[in-house]
Every structure is written in C-alpha cells, then in structure tokens.
>>> print(open('my_file-v8.cif').read())   # mmCIF, C-alpha atoms
data_upload
loop_
_atom_site.label_atom_id
_atom_site.label_comp_id
_atom_site.auth_asym_id
_atom_site.auth_seq_id
_atom_site.Cartn_x
_atom_site.Cartn_y
_atom_site.Cartn_z
CA MET A 1 -47.19 -71.44 4.54
CA ILE A 2 -44.17 -73.70 4.75
CA LYS A 3 -41.41 -73.25 2.24
CA ASN A 4 -38.75 -75.89 2.82
CA PHE A 5 -39.47 -79.17 4.57
CA LEU A 6 -38.41 -82.74 5.19
CA ILE A 7 -41.15 -85.33 5.54
CA ILE A 8 -40.47 -88.69 7.20
CA SER A 9 -42.85 -91.60 6.67
CA CYS A 10 -41.56 -94.79 8.30
CA ILE A 11 -44.54 -96.90 9.32
CA GLY A 12 -43.26 -100.28 8.19
CA LYS A 13 -44.60 -100.30 4.63
CA ASP A 14 -43.78 -98.09 1.68
CA ASP A 15 -41.34 -96.11 3.83
CA LYS A 16 -39.97 -92.94 2.25
CA LEU A 17 -38.51 -89.51 2.82
CA GLY A 18 -39.46 -86.33 1.00
CA LEU A 19 -37.53 -83.10 0.75
CA ARG A 20 -38.79 -79.79 -0.60
CA ILE A 21 -36.19 -77.13 -1.27
CA ASN A 22 -37.54 -73.94 -2.84
CA LYS A 23 -39.87 -75.46 -5.45
CA ASP A 24 -37.96 -78.71 -6.01
CA PHE A 25 -39.31 -81.88 -4.41
CA PHE A 26 -37.22 -85.03 -3.96
CA VAL A 27 -38.56 -88.42 -2.85
CA HIS A 28 -36.26 -91.10 -1.46
CA LYS A 29 -37.74 -94.58 -1.07
CA LEU A 30 -36.38 -96.58 1.83
CA ASN A 31 -36.22 -100.10 0.42
CA ASN A 32 -34.87 -102.78 2.77
CA TYR A 33 -33.29 -100.23 5.08
CA LYS A 34 -32.61 -100.77 8.76
CA ASN A 35 -34.18 -98.38 11.26
CA GLU A 36 -30.77 -97.49 12.71
CA LYS A 37 -29.75 -96.14 9.28
CA LEU A 38 -32.55 -93.55 9.12
CA VAL A 39 -30.35 -90.61 10.14
CA GLY A 40 -27.81 -91.50 7.44
CA GLU A 41 -30.57 -91.72 4.83
CA ILE A 42 -31.89 -88.30 5.90
CA PHE A 43 -28.49 -86.63 5.70
CA SER A 44 -27.85 -88.27 2.34
CA LEU A 45 -31.11 -86.76 1.04
CA LEU A 46 -30.25 -83.35 2.51
CA LYS A 47 -26.86 -83.50 0.80
CA ARG A 48 -28.53 -84.40 -2.50
CA GLY A 49 -30.82 -81.39 -2.11
CA LYS A 50 -27.85 -79.18 -1.16
CA THR A 51 -29.56 -77.86 1.94
CA LYS A 52 -28.84 -77.23 5.59
CA LEU A 53 -31.31 -77.37 8.43
CA ASP A 54 -32.05 -74.15 10.34
CA GLN A 55 -34.90 -72.43 12.19
CA ASN A 56 -36.72 -71.71 8.90
CA PHE A 57 -36.90 -75.42 8.04
CA THR A 58 -39.83 -77.72 8.89
CA VAL A 59 -39.80 -81.45 9.66
CA ILE A 60 -43.04 -83.39 9.22
CA VAL A 61 -43.28 -86.92 10.61
CA ASN A 62 -45.86 -89.67 10.12
CA GLN A 63 -47.41 -90.55 13.50
CA GLY A 64 -48.94 -93.83 12.30
CA PRO A 65 -50.70 -96.11 12.55
CA GLY A 66 -47.83 -98.37 11.74
CA SER A 67 -44.95 -100.44 13.00
CA PHE A 68 -44.05 -99.67 16.62
CA SER A 69 -40.32 -99.41 15.99
CA GLY A 70 -40.65 -97.53 12.69
CA VAL A 71 -43.00 -94.89 14.08
CA ARG A 72 -41.07 -94.54 17.35
CA ILE A 73 -37.68 -94.21 15.66
CA SER A 74 -38.88 -91.69 13.07
CA ILE A 75 -40.45 -89.52 15.80
CA ALA A 76 -37.27 -89.75 17.89
CA VAL A 77 -35.10 -88.76 14.91
CA ALA A 78 -37.44 -85.84 14.14
CA LYS A 79 -37.31 -84.64 17.75
CA GLY A 80 -33.52 -84.95 17.65
CA LEU A 81 -33.46 -82.63 14.62
CA VAL A 82 -35.59 -80.15 16.55
CA ILE A 83 -33.15 -80.15 19.45
CA SER A 84 -29.96 -80.05 17.39
CA LYS A 85 -31.00 -77.80 14.49
CA ASN A 86 -33.90 -75.79 15.96
CA VAL A 87 -36.30 -76.76 13.15
CA LYS A 88 -40.10 -76.71 13.38
CA LEU A 89 -41.79 -80.08 13.93
CA PHE A 90 -45.24 -81.23 12.83
CA GLY A 91 -46.91 -84.63 12.82
CA TYR A 92 -49.63 -86.13 10.67
CA LYS A 93 -51.71 -89.29 10.63
CA ASN A 94 -51.10 -91.75 7.82
CA GLU A 95 -54.70 -91.74 6.59
CA ASP A 96 -54.60 -87.95 6.09
CA LEU A 97 -51.94 -88.14 3.36
CA LYS A 98 -53.45 -90.09 0.48
CA VAL A 99 -50.59 -89.56 -2.00
CA PHE A 100 -46.98 -88.83 -1.03
CA ASP A 101 -46.38 -85.78 -3.20
CA GLN A 102 -45.71 -82.08 -2.70
CA GLU A 103 -49.26 -80.94 -3.43
CA ASN A 104 -50.88 -83.31 -0.91
CA ILE A 105 -48.30 -82.56 1.76
CA ILE A 106 -49.06 -78.85 1.49
CA LYS A 107 -52.79 -79.70 1.69
CA LEU A 108 -52.11 -81.19 5.14
CA PHE A 109 -51.24 -77.69 6.32
CA ASP A 110 -54.00 -75.95 4.39
CA GLU A 111 -56.61 -78.29 5.86
CA LYS A 112 -55.02 -78.11 9.35
CA LEU A 113 -54.40 -81.86 9.50
CA VAL A 114 -51.00 -81.50 11.17
CA GLU A 115 -50.29 -81.32 14.88
CA LYS A 116 -47.66 -78.99 16.25
CA LYS A 117 -47.70 -79.14 20.03
CA LEU A 118 -47.60 -82.85 20.80
CA ILE A 119 -46.84 -85.79 18.59
CA LYS A 120 -48.97 -88.77 19.58
CA ALA A 121 -47.78 -91.96 17.96
CA ILE A 122 -50.39 -94.48 16.81
CA TYR A 123 -49.14 -98.07 16.70
CA LEU A 124 -50.70 -101.13 15.12
CA SER A 125 -51.50 -103.84 17.62
#
>>> encode(input="my_file-v8.cif", output="structure tokens")
Amino acid sequence: MIKNFLIISCIGKDDKLGLRINKDFFVHKLNNYKNEKLVGEIFSLLKRGKTKLDQNFTVIVNQGPGSFSGVRISIAVAKGLVISKNVKLFGYKNEDLKVFDQENIIKLFDEKLVEKKLIKAIYLS
C-alpha cells in the first residue's frame, strides 16, 4: 500500500498533478503551461503540501496515449526524480484511471494496473 505519492498526468489534454500527503490529497491543474515548466510546477505543489521527496515516496506517471512531448517529458521528469531523490516510480495507462482522484489512484495499485519495472510510453499518431 502506498502512503504518499505524486501523480503526473501530462498527455496534452486535461493535464494535472496530484499529491497525496498522509490523508490529504491536492490536485493542481496545469492550464496553459509550457512543458519546460513542469519541474517548477511539481516543486510548487510539493511546497504547498509541505513535503520532501525520499525513498518512502512514490511517483506515478501517465504513460499515455497522448501527446508525444507531454508524455516523454513527464516520464523524463519522473525518472529524474527517481535518480535524484531515490523515490519509487510506477506508470499507468490513461484508460485505466477513469477519474483523477485519490480513491481511483489507489485502485490502480489494488487492481495491479501499474507497471514498476519498465515504463513504456504510448503516443498518439
């Protein structure tokens, strides 16, 4: 069971970040943001949630299908967090998360719809 997590969903439409700290869940919509600002948006959300990333933290990233650059950048940022902060990384497919809320995100894990070993991006063509 995961306790604290950051979820990144940047597939080119309805992009958002989610942060669960203890039992609090924050959602940050990314309206008209530029892909190169994703790291700043993430750290802003982490600051709002008054949390620090460590080995007990989990990052979950949307693997698509979606925009090539959005999916690729969000996966790269997530992998960067793994390298720099030693967090756990999981990926999910967009169709597996019907509603972006805490309950449905936890269901991804309960129903084993997340991938841990390899993140395979799915792009729209």
>>> residues_around(input="my_file-v8.cif", residues="range 87-102 of chain A", least_positions_apart="4", cutoff="7 Å", atoms="all atoms listed in the file", output="JSON, numbers by chain")
{"A": [25, 53, 54, 55, 56, 57, 58, 59, 60, 61, 62, 63, 64, 65, 81, 82, 106, 113, 114, 115, 116, 119]}
>>> closest_residue(input="my_file-v8.cif", among="A:Phe109, A:Leu17, A:Ile73, A:Asn31", to="Phe43 in chain A", atoms="all atoms listed in the file")
A:Leu17
>>> resolve_selection(input="my_file-v8.cif", expression="the PyMOL selection byres ((chain A and resi 45) around 12)", output="PyMOL selection string")
chain A and resi 5-8+16-21+25-30+38-44+46-53
>>> closest_residue(input="my_file-v8.cif", among="A:Lys3, A:Glu103, A:Gly12, A:Asp110", to="Ser74 in chain A", atoms="all atoms listed in the file")
A:Gly12
>>> atom_distance(input="my_file-v8.cif", atom1="CA of Glu36 in chain A", atom2="CA of Ser9 in chain A")
14.7 Å
>>> atom_distance(input="my_file-v8.cif", atom1="CA of Asp14 in chain A", atom2="CA of Asn104 in chain A")
16.6 Å
>>> closest_residue(input="my_file-v8.cif", among="A:Ile105, A:Lys85, A:Ser67, A:Cys10", to="Lys37 in chain A", atoms="only C-alpha atoms")
A:Cys10
>>> atom_distance(input="my_file-v8.cif", atom1="CA of Asn22 in chain A", atom2="CA of Ala76 in chain A")
26.1 Å
>>> build_atoms(input="my_file-v8.cif", residues="range 94-114 of chain A", atoms="N, CA and C atoms", output="CSV table (one decimal), in the coordinates of the input")
chain,number,residue,atom,x,y,z
A,94,ASN,N,-51.3,-91.1,9.1
A,94,ASN,CA,-51.1,-91.8,7.8
A,94,ASN,C,-52.3,-91.6,6.9
A,95,GLU,N,-53.5,-91.8,7.4
A,95,GLU,CA,-54.7,-91.7,6.6
A,95,GLU,C,-55.0,-90.3,6.0
A,96,ASP,N,-54.4,-89.3,6.6
A,96,ASP,CA,-54.6,-88.0,6.1
A,96,ASP,C,-53.8,-87.6,4.9
A,97,LEU,N,-52.8,-88.4,4.5
A,97,LEU,CA,-51.9,-88.1,3.4
A,97,LEU,C,-52.2,-89.3,2.4
A,98,LYS,N,-53.1,-89.0,1.4
A,98,LYS,CA,-53.4,-90.1,0.5
A,98,LYS,C,-52.3,-90.4,-0.5
A,99,VAL,N,-51.7,-89.4,-1.0
A,99,VAL,CA,-50.6,-89.6,-2.0
A,99,VAL,C,-49.4,-88.8,-1.5
A,100,PHE,N,-48.2,-89.4,-1.5
A,100,PHE,CA,-47.0,-88.8,-1.0
A,100,PHE,C,-46.4,-88.0,-2.1
A,101,ASP,N,-46.9,-86.7,-2.2
A,101,ASP,CA,-46.4,-85.8,-3.2
A,101,ASP,C,-46.5,-84.4,-2.6
A,102,GLN,N,-45.8,-83.4,-3.2
A,102,GLN,CA,-45.7,-82.1,-2.7
A,102,GLN,C,-47.1,-81.4,-2.5
A,103,GLU,N,-47.9,-81.6,-3.5
A,103,GLU,CA,-49.3,-80.9,-3.4
A,103,GLU,C,-50.1,-81.4,-2.2
A,104,ASN,N,-50.1,-82.7,-2.0
A,104,ASN,CA,-50.9,-83.3,-0.9
A,104,ASN,C,-50.3,-83.0,0.5
A,105,ILE,N,-49.0,-82.9,0.5
A,105,ILE,CA,-48.3,-82.6,1.8
A,105,ILE,C,-48.7,-81.1,2.2
A,106,ILE,N,-48.7,-80.2,1.2
A,106,ILE,CA,-49.1,-78.8,1.5
A,106,ILE,C,-50.5,-78.8,1.9
A,107,LYS,N,-51.4,-79.7,1.3
A,107,LYS,CA,-52.8,-79.7,1.7
A,107,LYS,C,-53.0,-80.1,3.2
A,108,LEU,N,-52.0,-80.9,3.7
A,108,LEU,CA,-52.1,-81.2,5.1
A,108,LEU,C,-52.1,-79.9,6.0
A,109,PHE,N,-51.3,-79.0,5.6
A,109,PHE,CA,-51.2,-77.7,6.3
A,109,PHE,C,-52.5,-76.8,6.0
A,110,ASP,N,-52.8,-76.8,4.8
A,110,ASP,CA,-54.0,-76.0,4.4
A,110,ASP,C,-55.3,-76.4,5.1
A,111,GLU,N,-55.4,-77.7,5.2
A,111,GLU,CA,-56.6,-78.3,5.9
A,111,GLU,C,-56.4,-78.5,7.4
A,112,LYS,N,-55.3,-78.0,7.9
A,112,LYS,CA,-55.0,-78.1,9.4
A,112,LYS,C,-55.1,-79.6,9.9
A,113,LEU,N,-54.4,-80.5,9.1
A,113,LEU,CA,-54.4,-81.9,9.5
A,113,LEU,C,-53.1,-82.2,10.2
A,114,VAL,N,-52.3,-81.3,10.5
A,114,VAL,CA,-51.0,-81.5,11.2
A,114,VAL,C,-51.1,-81.0,12.6
